[in-house]
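**Q** Sharing coords34.pdb, PDB, C-alpha atoms and all ligand atoms:
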```
ATOM      1  CA  MET Z   1     -15.241  13.369 -49.860  1.00  0.00           C
ATOM      2  CA  LEU Z   2     -14.441  16.647 -51.618  1.00  0.00           C
ATOM      3  CA  GLU Z   3     -15.049  18.490 -48.399  1.00  0.00           C
ATOM      4  CA  HIS Z   4     -12.460  16.269 -46.775  1.00  0.00           C
ATOM      5  CA  MET Z   5      -9.884  16.825 -49.483  1.00  0.00           C
ATOM      6  CA  ASN Z   6      -9.006  20.184 -48.045  1.00  0.00           C
ATOM      7  CA  GLY Z   7      -9.988  21.518 -44.657  1.00  0.00           C
ATOM      8  CA  GLN Z   8     -11.248  18.483 -42.809  1.00  0.00           C
ATOM      9  CA  TRP Z   9      -8.435  16.121 -43.636  1.00  0.00           C
ATOM     10  CA  GLU Z  10      -6.028  18.759 -42.686  1.00  0.00           C
ATOM     11  CA  ALA Z  11      -7.766  19.243 -39.359  1.00  0.00           C
ATOM     12  CA  LEU Z  12      -7.734  15.480 -38.712  1.00  0.00           C
ATOM     13  CA  ALA Z  13      -4.074  15.275 -39.763  1.00  0.00           C
ATOM     14  CA  GLN Z  14      -3.261  18.112 -37.373  1.00  0.00           C
ATOM     15  CA  LEU Z  15      -5.150  16.322 -34.631  1.00  0.00           C
ATOM     16  CA  TYR Z  16      -3.122  13.201 -35.385  1.00  0.00           C
ATOM     17  CA  GLU Z  17       0.152  15.103 -34.893  1.00  0.00           C
ATOM     18  CA  HIS Z  18      -1.274  16.783 -31.857  1.00  0.00           C
ATOM     19  CA  ASP Z  19      -2.402  13.511 -30.262  1.00  0.00           C
ATOM     20  CA  HIS Z  20       1.148  12.193 -30.526  1.00  0.00           C
ATOM     21  CA  GLU Z  21       2.582  15.293 -28.931  1.00  0.00           C
ATOM     22  CA  ARG Z  22      -0.040  15.035 -26.194  1.00  0.00           C
ATOM     23  CA  ALA Z  23       0.737  11.345 -25.623  1.00  0.00           C
ATOM     24  CA  THR Z  24       4.425  12.207 -25.128  1.00  0.00           C
ATOM     25  CA  LEU Z  25       3.502  14.901 -22.617  1.00  0.00           C
ATOM     26  CA  LEU Z  26       1.148  12.582 -20.747  1.00  0.00           C
ATOM     27  CA  ALA Z  27       3.945  10.005 -20.487  1.00  0.00           C
ATOM     28  CA  GLU Z  28       6.265  12.742 -19.150  1.00  0.00           C
ATOM     29  CA  GLU Z  29       3.597  13.787 -16.659  1.00  0.00           C
ATOM     30  CA  GLN Z  30       3.335  10.187 -15.460  1.00  0.00           C
ATOM     31  CA  ALA Z  31       7.132   9.932 -15.067  1.00  0.00           C
ATOM     32  CA  VAL Z  32       7.285  13.201 -13.103  1.00  0.00           C
ATOM     33  CA  ARG Z  33       4.437  12.028 -10.898  1.00  0.00           C
ATOM     34  CA  GLU Z  34       6.445   8.880 -10.065  1.00  0.00           C
ATOM     35  CA  GLN Z  35       9.409  11.061  -9.103  1.00  0.00           C
ATOM     36  CA  LEU Z  36       7.215  13.254  -6.918  1.00  0.00           C
ATOM     37  CA  ARG Z  37       6.291  10.141  -4.927  1.00  0.00           C
ATOM     38  CA  GLU Z  38       9.857  10.187  -3.550  1.00  0.00           C
ATOM     39  CA  GLY Z  39       8.742  13.248  -1.569  1.00  0.00           C
ATOM     40  CA  GLU Z  40       5.973  11.180  -0.007  1.00  0.00           C
ATOM     41  CA  VAL Z  41       8.535   8.499   0.924  1.00  0.00           C
ATOM     42  CA  VAL Z  42      10.644  11.133   2.701  1.00  0.00           C
ATOM     43  CA  ALA Z  43       7.583  12.489   4.542  1.00  0.00           C
ATOM     44  CA  ALA Z  44       6.667   8.940   5.645  1.00  0.00           C
ATOM     45  CA  LEU Z  45      10.227   8.398   6.939  1.00  0.00           C
ATOM     46  CA  VAL Z  46      10.117  11.661   8.902  1.00  0.00           C
ATOM     47  CA  GLU Z  47       6.889  10.431  10.507  1.00  0.00           C
ATOM     48  CA  ARG Z  48       8.452   7.019  11.247  1.00  0.00           C
ATOM     49  CA  ARG Z  49      11.420   8.638  12.998  1.00  0.00           C
ATOM     50  CA  ARG Z  50       9.042  10.727  15.093  1.00  0.00           C
ATOM     51  CA  MET Z  51       6.953   7.679  15.967  1.00  0.00           C
ATOM     52  CA  LEU Z  52      10.010   5.599  16.975  1.00  0.00           C
ATOM     53  CA  GLY Z  53      11.353   8.476  19.085  1.00  0.00           C
ATOM     54  CA  ARG Z  54       8.055   8.664  20.956  1.00  0.00           C
ATOM     55  CA  GLN Z  55       7.974   4.875  21.405  1.00  0.00           C
ATOM     56  CA  LEU Z  56      11.518   4.906  22.801  1.00  0.00           C
ATOM     57  CA  LYS Z  57      10.657   7.655  25.260  1.00  0.00           C
ATOM     58  CA  ASP Z  58       7.584   5.687  26.449  1.00  0.00           C
ATOM     59  CA  GLU Z  59       9.599   2.489  26.885  1.00  0.00           C
ATOM     60  CA  ARG Z  60      12.334   4.282  28.858  1.00  0.00           C
ATOM     61  CA  GLU Z  61       9.763   5.904  31.128  1.00  0.00           C
ATOM     62  CA  ARG Z  62       8.169   2.501  31.697  1.00  0.00           C
ATOM     63  CA  VAL Z  63      11.532   0.949  32.633  1.00  0.00           C
ATOM     64  CA  SER Z  64      12.267   3.826  34.972  1.00  0.00           C
ATOM     65  CA  ASP Z  65       8.843   3.447  36.707  1.00  0.00           C
ATOM     66  CA  LEU Z  66       9.252  -0.310  37.055  1.00  0.00           C
ATOM     67  CA  ALA Z  67      12.825  -0.006  38.334  1.00  0.00           C
ATOM     68  CA  TRP Z  68      11.695   2.479  40.936  1.00  0.00           C
ATOM     69  CA  GLU Z  69       8.872   0.186  42.072  1.00  0.00           C
ATOM     70  CA  LEU Z  70      11.310  -2.742  42.102  1.00  0.00           C
ATOM     71  CA  GLU Z  71      13.691  -0.865  44.358  1.00  0.00           C
ATOM     72  CA  GLU Z  72      10.886  -0.031  46.775  1.00  0.00           C
ATOM     73  CA  THR Z  73       9.711  -3.641  46.770  1.00  0.00           C
ATOM     74  CA  GLU Z  74      13.238  -4.892  47.475  1.00  0.00           C
ATOM     75  CA  GLN Z  75      13.643  -2.495  50.385  1.00  0.00           C
ATOM     76  CA  ARG Z  76      10.283  -3.472  51.865  1.00  0.00           C
ATOM     77  CA  LEU Z  77      11.143  -7.147  51.377  1.00  0.00           C
ATOM     78  CA  ALA Z  78      14.513  -6.745  53.106  1.00  0.00           C
ATOM     79  CA  SER Z  79      12.963  -5.076  56.136  1.00  0.00           C
ATOM     80  CA  LEU Z  80      10.167  -7.674  56.337  1.00  0.00           C
ATOM     81  CA  VAL Z  81      12.618 -10.570  56.069  1.00  0.00           C
ATOM     82  CA  ALA Z  82      14.627  -9.064  58.928  1.00  0.00           C
ATOM     83  CA  ALA Z  83      11.457  -8.603  61.050  1.00  0.00           C
ATOM     84  CA  GLU Z  84      10.199 -12.082  60.218  1.00  0.00           C
ATOM     85  CA  ALA Z  85      13.446 -13.694  61.325  1.00  0.00           C
ATOM     86  CA  ALA Z  86      13.169 -11.848  64.636  1.00  0.00           C
ATOM     87  CA  GLN Z  87       9.445 -12.528  65.346  1.00  0.00           C
ATOM     88  CA  ASP Z  88       8.503 -15.732  63.511  1.00  0.00           C
ATOM     89  CA  ASP Z  89       5.420 -13.896  62.170  1.00  0.00           C
ATOM     90  CA  ILE Z  90       2.899 -15.905  59.971  1.00  0.00           C
ATOM     91  CA  LEU Z  91       1.240 -12.757  58.523  1.00  0.00           C
ATOM     92  CA  GLY Z  92       4.678 -11.356  57.757  1.00  0.00           C
ATOM     93  CA  ALA Z  93       5.604 -14.568  55.953  1.00  0.00           C
ATOM     94  CA  ARG Z  94       2.570 -14.233  53.629  1.00  0.00           C
ATOM     95  CA  GLU Z  95       3.463 -10.672  52.807  1.00  0.00           C
ATOM     96  CA  VAL Z  96       7.042 -11.738  52.103  1.00  0.00           C
ATOM     97  CA  ALA Z  97       5.782 -14.371  49.633  1.00  0.00           C
ATOM     98  CA  ALA Z  98       3.543 -11.797  47.899  1.00  0.00           C
ATOM     99  CA  LEU Z  99       6.417  -9.311  47.724  1.00  0.00           C
ATOM    100  CA  ARG Z 100       8.763 -11.940  46.282  1.00  0.00           C
ATOM    101  CA  LYS Z 101       6.182 -12.668  43.588  1.00  0.00           C
ATOM    102  CA  ARG Z 102       5.775  -8.953  42.886  1.00  0.00           C
ATOM    103  CA  LYS Z 103       9.553  -8.550  42.757  1.00  0.00           C
ATOM    104  CA  ALA Z 104       9.865 -11.363  40.184  1.00  0.00           C
ATOM    105  CA  ALA Z 105       7.075  -9.843  38.049  1.00  0.00           C
ATOM    106  CA  LEU Z 106       8.751  -6.429  38.197  1.00  0.00           C
ATOM    107  CA  GLU Z 107      12.102  -7.925  37.202  1.00  0.00           C
ATOM    108  CA  ASP Z 108      10.417  -9.614  34.224  1.00  0.00           C
ATOM    109  CA  GLY Z 109       8.766  -6.340  33.306  1.00  0.00           C
ATOM    110  CA  VAL Z 110      12.035  -4.415  33.451  1.00  0.00           C
ATOM    111  CA  LEU Z 111      13.733  -7.064  31.322  1.00  0.00           C
ATOM    112  CA  HIS Z 112      10.912  -7.096  28.787  1.00  0.00           C
ATOM    113  CA  HIS Z 113      10.924  -3.329  28.335  1.00  0.00           C
ATOM    114  CA  MET Z 114      14.740  -3.231  28.168  1.00  0.00           C
ATOM    115  CA  GLU Z 115      14.523  -5.700  25.286  1.00  0.00           C
ATOM    116  CA  GLN Z 116      11.864  -3.530  23.642  1.00  0.00           C
ATOM    117  CA  ILE Z 117      14.201  -0.552  23.942  1.00  0.00           C
ATOM    118  CA  GLU Z 118      16.909  -2.476  22.103  1.00  0.00           C
ATOM    119  CA  VAL Z 119      14.469  -3.419  19.332  1.00  0.00           C
ATOM    120  CA  VAL Z 120      13.210   0.142  18.941  1.00  0.00           C
ATOM    121  CA  GLU Z 121      16.764   1.533  19.047  1.00  0.00           C
ATOM    122  CA  GLN Z 122      17.737  -0.814  16.212  1.00  0.00           C
ATOM    123  CA  GLU Z 123      14.677   0.234  14.204  1.00  0.00           C
ATOM    124  CA  GLN Z 124      15.567   3.840  14.881  1.00  0.00           C
ATOM    125  CA  ILE Z 125      19.091   3.347  13.497  1.00  0.00           C
ATOM    126  CA  GLU Z 126      17.657   1.814  10.324  1.00  0.00           C
ATOM    127  CA  ALA Z 127      14.985   4.506   9.955  1.00  0.00           C
ATOM    128  CA  GLU Z 128      17.638   7.181  10.444  1.00  0.00           C
ATOM    129  CA  ALA Z 129      19.820   5.682   7.690  1.00  0.00           C
ATOM    130  CA  ASP Z 130      16.797   5.365   5.353  1.00  0.00           C
ATOM    131  CA  TRP Z 131      15.778   8.928   6.038  1.00  0.00           C
ATOM    132  CA  LEU Z 132      19.298  10.264   5.474  1.00  0.00           C
ATOM    133  CA  ARG Z 133      19.617   8.417   2.177  1.00  0.00           C
ATOM    134  CA  HIS Z 134      16.225   9.449   0.816  1.00  0.00           C
ATOM    135  CA  SER Z 135      16.149  12.976   2.153  1.00  0.00           C
ATOM    136  CA  SER Z 136      19.555  13.946   0.764  1.00  0.00           C
ATOM    137  CA  THR Z 137      18.568  12.699  -2.722  1.00  0.00           C
ATOM    138  CA  TRP Z 138      15.202  14.401  -2.406  1.00  0.00           C
ATOM    139  CA  ALA Z 139      16.780  17.664  -1.227  1.00  0.00           C
ATOM    140  CA  GLU Z 140      19.028  17.632  -4.298  1.00  0.00           C
ATOM    141  CA  ARG Z 141      16.300  16.774  -6.773  1.00  0.00           C
ATOM    142  CA  SER Z 142      12.996  18.071  -5.422  1.00  0.00           C
ATOM    143  CA  GLY Z 143      13.479  21.551  -6.915  1.00  0.00           C
ATOM    144  CA  SER Z 144      14.056  20.305 -10.442  1.00  0.00           C
ATOM    145  CA  ILE Z 145      11.324  17.643 -10.150  1.00  0.00           C
ATOM    146  CA  ARG Z 146       8.799  20.247  -9.011  1.00  0.00           C
ATOM    147  CA  ALA Z 147       9.886  22.574 -11.812  1.00  0.00           C
ATOM    148  CA  ALA Z 148       9.501  19.724 -14.330  1.00  0.00           C
ATOM    149  CA  ALA Z 149       6.025  18.944 -12.969  1.00  0.00           C
ATOM    150  CA  GLU Z 150       5.014  22.580 -13.349  1.00  0.00           C
ATOM    151  CA  HIS Z 151       6.460  22.757 -16.864  1.00  0.00           C
ATOM    152  CA  VAL Z 152       4.641  19.601 -18.005  1.00  0.00           C
ATOM    153  CA  ALA Z 153       1.385  20.879 -16.500  1.00  0.00           C
ATOM    154  CA  GLN Z 154       1.739  24.172 -18.405  1.00  0.00           C
ATOM    155  CA  GLN Z 155       2.555  22.365 -21.659  1.00  0.00           C
ATOM    156  CA  LEU Z 156      -0.422  20.087 -21.200  1.00  0.00           C
ATOM    157  CA  ALA Z 157      -2.722  23.044 -20.592  1.00  0.00           C
ATOM    158  CA  ILE Z 158      -1.543  24.584 -23.886  1.00  0.00           C
ATOM    159  CA  VAL Z 159      -1.828  21.299 -25.771  1.00  0.00           C
ATOM    160  CA  ASN Z 160      -5.326  20.678 -24.416  1.00  0.00           C
ATOM    161  CA  ALA Z 161      -6.433  24.174 -25.443  1.00  0.00           C
ATOM    162  CA  VAL Z 162      -5.079  23.630 -28.973  1.00  0.00           C
ATOM    163  CA  ARG Z 163      -6.851  20.283 -29.081  1.00  0.00           C
ATOM    164  CA  ASP Z 164     -10.138  22.012 -28.256  1.00  0.00           C
ATOM    165  CA  THR Z 165      -9.539  24.463 -31.118  1.00  0.00           C
ATOM    166  CA  LEU Z 166      -8.744  21.643 -33.550  1.00  0.00           C
ATOM    167  CA  LEU Z 167     -11.821  19.720 -32.426  1.00  0.00           C
ATOM    168  CA  ALA Z 168     -13.962  22.789 -32.983  1.00  0.00           C
ATOM    169  CA  ALA Z 169     -12.648  22.989 -36.571  1.00  0.00           C
ATOM    170  CA  LEU Z 170     -13.968  19.496 -37.384  1.00  0.00           C
ATOM    171  CA  SER Z 171     -17.391  18.844 -38.884  1.00  0.00           C
ATOM    172  CA  GLN Z 172     -19.869  17.615 -36.319  1.00  0.00           C
ATOM    173  CA  ASP Z 173     -19.729  14.082 -37.795  1.00  0.00           C
ATOM    174  CA  ASP Z 174     -15.956  13.923 -37.641  1.00  0.00           C
ATOM    175  CA  ARG Z 175     -15.909  15.381 -34.149  1.00  0.00           C
ATOM    176  CA  GLU Z 176     -18.343  12.744 -32.910  1.00  0.00           C
ATOM    177  CA  ARG Z 177     -16.365   9.986 -34.618  1.00  0.00           C
ATOM    178  CA  TYR Z 178     -13.134  11.347 -33.197  1.00  0.00           C
ATOM    179  CA  LEU Z 179     -14.503  11.536 -29.638  1.00  0.00           C
ATOM    180  CA  ALA Z 180     -15.945   8.012 -29.929  1.00  0.00           C
ATOM    181  CA  ALA Z 181     -12.570   6.695 -31.187  1.00  0.00           C
ATOM    182  CA  ALA Z 182     -10.790   8.608 -28.389  1.00  0.00           C
ATOM    183  CA  GLN Z 183     -12.944   6.778 -25.851  1.00  0.00           C
ATOM    184  CA  ARG Z 184     -11.391   3.509 -26.985  1.00  0.00           C
ATOM    185  CA  HIS Z 185      -7.942   4.844 -27.874  1.00  0.00           C
ATOM    186  CA  PRO Z 186      -7.292   7.985 -25.808  1.00  0.00           C
ATOM    187  CA  MET Z 187      -3.746   8.465 -27.156  1.00  0.00           C
ATOM    188  CA  THR Z 188      -4.224   7.391 -30.787  1.00  0.00           C
ATOM    189  CA  PRO Z 189      -7.804   7.797 -32.011  1.00  0.00           C
ATOM    190  CA  ILE Z 190      -6.596   8.512 -35.576  1.00  0.00           C
ATOM    191  CA  ALA Z 191      -4.531   6.105 -37.704  1.00  0.00           C
ATOM    192  CA  TYR Z 192      -3.085   6.357 -41.184  1.00  0.00           C
ATOM    193  CA  VAL Z 193      -3.514   3.656 -43.790  1.00  0.00           C
ATOM    194  CA  GLU Z 194      -0.083   2.154 -44.319  1.00  0.00           C
ATOM    195  CA  GLN Z 195       0.408  -0.359 -47.153  1.00  0.00           C
ATOM    196  CA  GLY Z 196      -3.255  -1.268 -47.067  1.00  0.00           C
ATOM    197  CA  GLN Z 197      -3.246  -1.793 -43.293  1.00  0.00           C
ATOM    198  CA  CYS Z 198      -4.585   0.190 -40.362  1.00  0.00           C
ATOM    199  CA  GLU Z 199      -1.579   1.799 -38.641  1.00  0.00           C
ATOM    200  CA  GLY Z 200      -3.267   1.329 -35.258  1.00  0.00           C
ATOM    201  CA  CYS Z 201      -4.144  -2.374 -35.284  1.00  0.00           C
ATOM    202  CA  ARG Z 202      -2.310  -3.654 -38.401  1.00  0.00           C
ATOM    203  CA  THR Z 203      -5.439  -5.196 -39.890  1.00  0.00           C
ATOM    204  CA  PRO Z 204      -5.480  -5.323 -43.717  1.00  0.00           C
ATOM    205  CA  LEU Z 205      -8.242  -3.063 -45.044  1.00  0.00           C
ATOM    206  CA  ALA Z 206     -10.654  -3.674 -47.929  1.00  0.00           C
ATOM    207  CA  PRO Z 207      -9.656  -1.606 -51.032  1.00  0.00           C
ATOM    208  CA  THR Z 208     -13.173  -0.156 -51.232  1.00  0.00           C
ATOM    209  CA  LEU Z 209     -12.770   1.225 -47.724  1.00  0.00           C
ATOM    210  CA  ILE Z 210      -9.441   2.833 -48.577  1.00  0.00           C
ATOM    211  CA  THR Z 211     -10.876   4.742 -51.514  1.00  0.00           C
ATOM    212  CA  ASP Z 212     -13.504   6.336 -49.336  1.00  0.00           C
ATOM    213  CA  LEU Z 213     -11.586   7.887 -46.476  1.00  0.00           C
ATOM    214  CA  PRO Z 214     -11.828   9.090 -43.790  1.00  0.00           C
ATOM    215  CA  ALA Z 215     -13.610   6.020 -42.504  1.00  0.00           C
ATOM    216  CA  LEU Z 216     -13.509   3.988 -39.335  1.00  0.00           C
ATOM    217  CA  CYS Z 217     -11.279   0.913 -39.102  1.00  0.00           C
ATOM    218  CA  PRO Z 218     -13.723  -2.018 -38.899  1.00  0.00           C
ATOM    219  CA  THR Z 219     -11.463  -3.734 -36.364  1.00  0.00           C
ATOM    220  CA  CYS Z 220     -10.263  -1.076 -33.927  1.00  0.00           C
ATOM    221  CA  ALA Z 221     -12.691   1.771 -34.799  1.00  0.00           C
ATOM    222  CA  ARG Z 222      -9.921   4.351 -35.221  1.00  0.00           C
ATOM    223  CA  ILE Z 223     -10.494   7.094 -37.785  1.00  0.00           C
ATOM    224  CA  LEU Z 224      -8.487   6.158 -40.878  1.00  0.00           C
ATOM    225  CA  LEU Z 225      -6.637   8.753 -42.917  1.00  0.00           C
ATOM    226  CA  PRO Z 226      -4.942   8.188 -46.281  1.00  0.00           C
ATOM    227  CA  PHE Z 227      -1.166   8.136 -46.151  1.00  0.00           C
ATOM    228  CA  VAL Z 228       0.210  11.176 -47.972  1.00  0.00           C
TER
HETATM  229 ZN    ZN X 301      -7.526  -0.538 -36.884  1.00  0.00          ZN
END
```
Would you mind writing the file out in structure tokens?
Ligand SMILES: [Zn+2]
**A**
Amino acid sequence: MLEHMNGQWEALAQLYEHDHERATLLAEEQAVREQLREGEVVAALVERRRMLGRQLKDERERVSDLAWELEETEQRLASLVAAEAAQDDILGAREVAALRKRKAALEDGVLHHMEQIEVVEQEQIEAEADWLRHSSTWAERSGSIRAAAEHVAQQLAIVNAVRDTLLAALSQDDRERYLAAAQRHPMTPIAYVEQGQCEGCRTPLAPTLITDLPALCPTCARILLPFV
């Protein structure tokens, strides 16, 4: 108890202040991390534009191949029909039927891929608009967001180093109790007694407990400090 009156209480009280500062920084770090995700959105949109561009190129090539084959088929069909009319040729008639079938399939194919081109073109317009919107915002803000991320990381490194120093100043018992409490309450392992209650969980505390601080809150297991 006497030992705690001076150095140890002070160290725990400093840790209390420090934990709150650290919690604020961790919340800032989380917020900055959310903002950095916007960069990932932009990168995903760049990839989507590339993918749609490739898809469009493939579809156009397919249409061009099919149209070429269709033209050939039509020419062959026209010459066969002319020959068939002249010769009344059974074999020629079969080939004409096969070519007509092929022609119909090719026409379907051309139509199908033309429709695909329209779909992809529409998607490309939307992806382009999305990309423009996100990338211009990101271009404006990425510098300051990255700077903020770096700043928070530096602050956290300092705060964590100070925390280590403060932890080293505790007695072994207090350090173990603090680390155990921090397992359950990473941001607020220490609580003050406020009007007979634990600040952390608001449970009323037995008067005998309050006269013998620091102790652990029987409900939330935070380290209790007397309110000064
Ligand atoms: Zn409590």
**Q** For a quick check of understanding, using all atoms listed in the file, which of Z:Glu10, Z:Glu84, Z:Glu121, Z:Glu74 has the smallest distance to Glu59 of chain Z?
**A** Z:Glu121
**Q** Would you list the contacts of Gln195 of chain Z as a JSON list (two decimals) with C-alpha atoms, keeping the file's coordinate frame, taking every protein, DNA or RNA residue within 10 Å and counting all atoms listed in the file, but skipping same-chain residues closer than 4 positions in sequence?
**A**
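Wrote out_17.json, looks like this:
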```json
[["chain", "number", "residue", "atom", "x", "y", "z"],
["Z", 199, "GLU", "CA", -1.58, 1.80, -38.64],
["Z", 202, "ARG", "CA", -2.31, -3.65, -38.40],
["Z", 204, "PRO", "CA", -5.48, -5.32, -43.72],
["Z", 205, "LEU", "CA", -8.24, -3.06, -45.04],
["Z", 227, "PHE", "CA", -1.17, 8.14, -46.15]]
```
**Q** Please return as a VMD selection string the residues found within 6 Å of ligand ZN 301 (chain X), counting all atoms listed in the file.
**A** chain Z and resid 198 200 to 201 203 217 219 to 220 222
**Q** Got a sec to resolve the PyMOL selection byres (((chain Z and resi 181) around 10) and not hetatm) on this structure and send the residues as an NGL selection string?
**A** :Z and (175-180 or 182-190 or 216-217 or 220-223)
**Q** Out of Z:Gln124, Z:Gln30, Z:Thr165, Z:Gln155, which residue has the shortest atom-to-atom distance to Arg54 of chain Z when counting all atoms listed in the file?
**A**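 Of Z:Gln124, Z:Gln30, Z:Thr165, Z:Gln155, the one nearest Arg54 of chain Z, counting all atoms listed in the file, is Z:Gln124.
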**Q** Quick check, in Å to one decimal: how far apart do atom CA of Leu170 of chain Z and atom CA of Ala191 of chain Z lie?
**A** 16.4 Å
**Q** Apply the PyMOL selection byres (((chain Z and resi 105-108) around 8) and not hetatm) to the structure shown and report the selected residues as number ranges by chain.
**A** Z: 66-67, 69-70, 101-104, 109-112
**Q** Atom CA of Ala147 of chain Z to atom CA of Arg33 of chain Z: how many Å, to one decimal?
**A**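 Spanning atom CA of Ala147 of chain Z to atom CA of Arg33 of chain Z is a straight-line distance of 11.9 Å.
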